[in-house]
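Undergrad: Structure below; questions to follow.
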Amino acid sequence: MKKSITILFLSFLYFLGFSQNPIWDTYYEKSGCTETPRYDETIKYCKQLVDYSPLIHYDIFGKSPQGRDIPALIIDKNKNFTPETVRNSGNAVVLIQACVHPGEPDGKDAGLMLIRDLVINNKYPGLLDHLTILFIPIFNVDGHERFGPYNRINQDGPKEMGWRVTAQNLNLNRDYMKADAPEMKAWLKLFNRWLPDFTVDCHVTDGADYQYVLTYGLELYGNMDAKLTAWTKDVYLQSVEKKMEEAKLPMFPYVSFREWHDPRSGLVVNVAPPMLCGGYCAIQNRPCLLIETHMLKDYKTRVEATYELLKQTALLLNKEYKSLIKLTKEADRNTVSETFRNKYFPVAFRESFADSTQVSFKGVQYEAVKSDLSGGLWFQYDKTKPETFMITMFNHPVVEDSVLLPAAYILPPEWISIIELLGIHSIDYKILKAPTKIKITAYRFKNPKWSEKPYESRHRLEVNYDATEEERMFPAGSVVVKTDQRSAKVIAHFFEPKAFDSFISWGFMDAIFEQKEYGETYVLEVLARKMLAENLDLKNEFEEKMKNEPEFAKDSWGILNWFYSKSPYWDRAVNKYPVGKIVSSEVLQSLPVE
């Protein structure tokens with residue numbers, strides 16, 4: 001009863017014309033634009049909006065390890081709140097997510113105000129005519145509640161904020177492919193159900209001091225469909241940059257200096273790997289805008305800048321919805337096509353300093369002095385003295401590795417965690433019904449190198465390999481992943497070892513590098529002498545190795561184990577990639593699958 005009275009009262013105020021009534025002020029606004037709400041207060045305001053407006057739906061798309069619901073708001077003028085009904089309506093879908101890093105809550109407060117202004121204050125009429133908004137106010141809900149004033153040492157406000165990582169100490173913005181976090185597993189299911197046409201990922205940057213309130217990231221350098229890339233650059237960016245300039249909020253590409261903190265060293269641009277939101281969206285044939293407000297600007301200034309860019313993005317998408325939807329559909333069809341599989345597909349990029357562009361950069365005067373405390377360079381910025389620099393931007397990253405996609409990849413059934421992850425990413429696969437010998441391209445790894453320290457709970461792995469053609473017996477239950485599906489780029493990034501976010505590079509298959517059987521030294525001493533006496537080529541190889549590898553020559557166990565590795569007793573599965581590449585379509589079609 002109390003809830004109904006409140007709704008009636010709010011409705012009464014609205015129909016009287018009090019569309020700007022303070023009852024709809026957000027927690028952030030009530031604080032004088034210096035504070036951000038906690039989780040419960042945020043959910044309360046979201047539900048208040050939902051209770052008032054039939055155009056908003058409250059959805060819970062996951063639960064955190066500490067048991068908190070992960071909410072999303074769906075805003076649609078025609079009350080279409082499912083992916084199917086929205087797609088049938090012809091609307092474009094924009095996903096706006098905030099608090100991936102809860103210490104950077106600008107997007108949460110800006111997003112809540114924008115939704116309020118759309119559905120309560122009736123601002124921007126027509127903006128929802130062809131656009132459906134999917135808004136995640138807090139993605140990292142557990143990290144959000146590790147609340148305090150000392151969580152962001154580089155940042156000017158709000159007074160208190162959440163913590164960067166989840167309760168499991170995982171950075172969600174490094175988890176889009178491997179999906180170790182339950183929160184990310186839930187997000188991937190949401191994303192792949194909705195396949196938003198455009199995503200906005202809201203953050204606050206670290207780094208140097210400069211004049212810009214807001215910098216941005218867009219995937220424009222080769223990891224997204226060419227036509228979508230051109231639209232993002234020539235239609236979206238060109239329009240939004242102009243509007244932000246008119247609002248006296250000039251934008252600049254995400255700032256990454258060649259020598260950190262030092263603008264004169266030049267700016268470096270690279271392609272985002274799929275572990276990041278922008279990189280993941282790109283290989284899903286969907287543009288993503290990374291918003292990075294400047295941490296040294298006060299909270300009110302940052303939130304207002306985020307609000308303006310969210311608004312301008314929504315206005316543009318509502319206007320250009322047909323062309324964007326057309327391009328995403330074309331990109332999906334192209335990814336499914338045989339033409340796509342007949343071209344080399346890039347799975348790894350690197351920075352390049354071979355080509356560059358001169359750009360104007362709105363910085364501030366600074367000097368680098370040698371610290372008498374640390375002995376390092378101490379960059380001292382003077383924000384009272386703005387200065388525009390002409391600096392070099394290295395914005396031509398190059399492809400480091402590329403592959404021809406096979407007709408399919410095949411994975412034995414024992415790799416359960418990988419098969420589960422394929423499902424989480426909505427990747428289709430078939431099951432081999434009977435044991436079958438299959439002609440494949442196979443990889444055997446060499447020189448594996450693990451990182452010394454863990455990164456996102458895993459030890460990263462770099463490998464080289466030799467590729468060979470062979471026939472291999474795969475057991476019933478093996479998973480056959482065809483590449484003629486819209487998620488083919490995701491599939492390639494998973495299965496190609498040179499890809500930054502492959503299963504191999506994240507350590508999903510570390511066990512294949514372990515030697516499980518050993519020979520006793522007194523047995524190997526006899527075996528080694530017999531092998532040397534019977535095999536002249538082996539003898540020459542051994543002598544060359546002893547001569548050229550001093551550490552090996554001093555390692556008695558290593559010497560004997562080397563002979564073991566050359567013997568028929570050696571485990572031929574060590575360093576052998578369990579995944580096979582089925583190159584031939586004819587071979588693929590002949591497989592007994594279901």
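Residues are referred to by chain and number: the chain letter is A, B, ... according to the order shown in the structure tokens, the number counts from 1 in that chain, and ligands are numbered separately from 1 in the order shown.
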Find the spatial neighbours of Lys545 of chain A, counting only C-alpha atoms, within a cut-off of 12 Å - ignore same-chain residues fewer than 4 positions away - and output them as a count of residues only.
TA: 14
Undergrad: Under the rule of at most 10 Å, produce a per-residue listing of segment 412-495 of chain A near segment 329-341 of chain A: chain, number, name, the closest pair of atoms, and the distance in Å, as a tab-separated table, using only C-alpha atoms.
TA:
```
residue	atom	partner	partner_atom	distance
A:Lys482	CA	A:Val336	CA	9.9
A:Thr483	CA	A:Val336	CA	7.2
A:Asp484	CA	A:Val336	CA	4.4
A:Gln485	CA	A:Val336	CA	4.7
A:Arg486	CA	A:Asp332	CA	5.1
A:Ser487	CA	A:Thr335	CA	7.6
A:Ala488	CA	A:Thr335	CA	6.5
A:Lys489	CA	A:Thr335	CA	7.6
```
Undergrad: Write down as a VMD selection string the residues belonging to segment 195-342 of chain A that are assigned alpha helix (DSSP H) by DSSP computed on the backbone.
TA: chain A and resid 226 to 231 238 to 246 277 to 283 299 to 319 321 to 336 338 to 341
Undergrad: Could you name the residues that touch segment 210-223 of chain A at 9 Å or less, counting only C-alpha atoms, but leaving out those on the same chain fewer than 2 positions away, as a ChimeraX atom specification?
TA: /A:204-205,208,225-226,229-230,232-233,237,249-255,269-273,278-279,282-283,287-297,301-302,305-306,346-347,349,361-365,381,383,386-387,395-399
Undergrad: Considering only C-alpha atoms, tabulate each residue of segment 183-297 of chain A that lies at most 10 Å from segment 123-144 of chain A along with its nearest interatomic pair and the corresponding distance in Å to one decimal; arrange the rows by chain and ascending residue number and present them as CSV.
TA:
```
residue,atom,partner,partner_atom,distance
A:Glu183,CA,A:Asn140,CA,7.2
A:Met184,CA,A:Phe139,CA,8.9
A:Trp187,CA,A:Phe139,CA,8.5
A:Trp194,CA,A:Leu134,CA,9.2
A:Pro196,CA,A:Leu134,CA,8.4
A:Phe198,CA,A:Ile133,CA,10.0
A:Thr199,CA,A:Leu134,CA,9.2
A:Val200,CA,A:Phe135,CA,9.5
A:Asp201,CA,A:Ile136,CA,9.9
```
Undergrad: When you look at segment 415-424 of chain A with a cut-off of 9 Å (counting only C-alpha atoms), what residues show up, excluding the ones that are within fewer than 6 positions of it in the same chain? I need them as number ranges by chain.
TA: A: 177-179, 185-186, 188-189, 192, 479, 491, 503, 508-509
Undergrad: Give me, please, the distance in Å between atom CA of His57 of chain A and atom CA of Glu29 of chain A, quoted to one decimal.
TA: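 Answer for the atom CA of His57 of chain A to atom CA of Glu29 of chain A separation: 23.3 Å.
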Undergrad: Per DSSP on the backbone, what are the strand (DSSP E or B) residues of segment 32-177 of chain A, as a list in words?
TA: Ile56, His57, Tyr58, Asp59, Ile60, Phe61, Gly62, Lys63, Asp69, Ile70, Pro71, Ala72, Leu73, Ile74, Ile75, Ala92, Val93, Val94, Leu95, Ile96, Gln97, Leu131, Thr132, Ile133, Leu134, Phe135, Ile136, Gly148 and Met161 of chain A
Undergrad: Go ahead and save the residues from that selection, with C-alpha atoms, as a PDB file, in the first residue's frame.
TA:
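Result went into part_37.pdb, see below:
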```pdb
ATOM      1  CA  ILE A  56      12.113   0.286 -17.721  1.00  0.00           C
ATOM      2  CA  HIS A  57      12.601  -3.349 -16.757  1.00  0.00           C
ATOM      3  CA  TYR A  58      14.797  -4.538 -13.887  1.00  0.00           C
ATOM      4  CA  ASP A  59      16.762  -7.673 -14.705  1.00  0.00           C
ATOM      5  CA  ILE A  60      19.101  -9.793 -12.567  1.00  0.00           C
ATOM      6  CA  PHE A  61      21.573 -11.495 -14.886  1.00  0.00           C
ATOM      7  CA  GLY A  62      23.944 -13.036 -12.381  1.00  0.00           C
ATOM      8  CA  LYS A  63      25.055 -13.458  -8.781  1.00  0.00           C
ATOM      9  CA  ASP A  69      22.551  -9.834  -7.471  1.00  0.00           C
ATOM     10  CA  ILE A  70      24.125  -8.280 -10.574  1.00  0.00           C
ATOM     11  CA  PRO A  71      21.466  -5.958 -11.999  1.00  0.00           C
ATOM     12  CA  ALA A  72      20.722  -4.537 -15.424  1.00  0.00           C
ATOM     13  CA  LEU A  73      18.109  -2.016 -16.500  1.00  0.00           C
ATOM     14  CA  ILE A  74      16.451  -2.406 -19.890  1.00  0.00           C
ATOM     15  CA  ILE A  75      14.946   0.790 -21.305  1.00  0.00           C
ATOM     16  CA  ALA A  92      19.524  -1.007 -32.206  1.00  0.00           C
ATOM     17  CA  VAL A  93      20.770  -2.051 -28.762  1.00  0.00           C
ATOM     18  CA  VAL A  94      23.410  -0.159 -26.811  1.00  0.00           C
ATOM     19  CA  LEU A  95      24.952  -1.756 -23.737  1.00  0.00           C
ATOM     20  CA  ILE A  96      26.308   0.760 -21.206  1.00  0.00           C
ATOM     21  CA  GLN A  97      28.247  -0.733 -18.331  1.00  0.00           C
ATOM     22  CA  LEU A 131      17.269   2.595 -29.565  1.00  0.00           C
ATOM     23  CA  THR A 132      17.030   0.167 -26.676  1.00  0.00           C
ATOM     24  CA  ILE A 133      19.377   0.782 -23.752  1.00  0.00           C
ATOM     25  CA  LEU A 134      20.807  -2.011 -21.639  1.00  0.00           C
ATOM     26  CA  PHE A 135      22.426  -0.442 -18.548  1.00  0.00           C
ATOM     27  CA  ILE A 136      24.572  -2.247 -15.982  1.00  0.00           C
ATOM     28  CA  GLY A 148      36.404   3.461   1.340  1.00  0.00           C
ATOM     29  CA  MET A 161      34.424   4.498  -3.748  1.00  0.00           C
TER      30      MET A 161
END
```
Undergrad: Which of these, A:Val523, A:Ala110, A:Val359, A:Leu170, has the shortest distance to Ser457 of chain A once you count only C-alpha atoms?
TA: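 Residue with the minimum atom-to-atom distance to Ser457 of chain A: A:Leu170.
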Undergrad: Would you compute the distance between atom CA of Asp106 of chain A and atom CA of Phe257 of chain A? Give it in Å to one decimal.
TA: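 Computed distance, atom CA of Asp106 of chain A to atom CA of Phe257 of chain A, equals 23.9 Å.
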Undergrad: Measuring atom to atom with only C-alpha atoms, identify which of A:Glu160, A:Asp197, A:Asp382, A:Glu517 is nearest to Thr328 of chain A.
TA: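 Result for the nearest residue to Thr328 of chain A: A:Asp197.
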Undergrad: Using only C-alpha atoms for the distances, tell me which of A:Phe191, A:Thr468, A:Gly207, A:Asp428 is nearest to Pro83 of chain A.
TA: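 Under the stated criterion, the closest residue is A:Phe191.
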Undergrad: With only C-alpha atoms as the atoms that count, which of A:Tyr280, A:Tyr443, A:Tyr577, A:Tyr39 lies nearest to Phe500 of chain A?
TA: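 Closest candidate: A:Tyr280.
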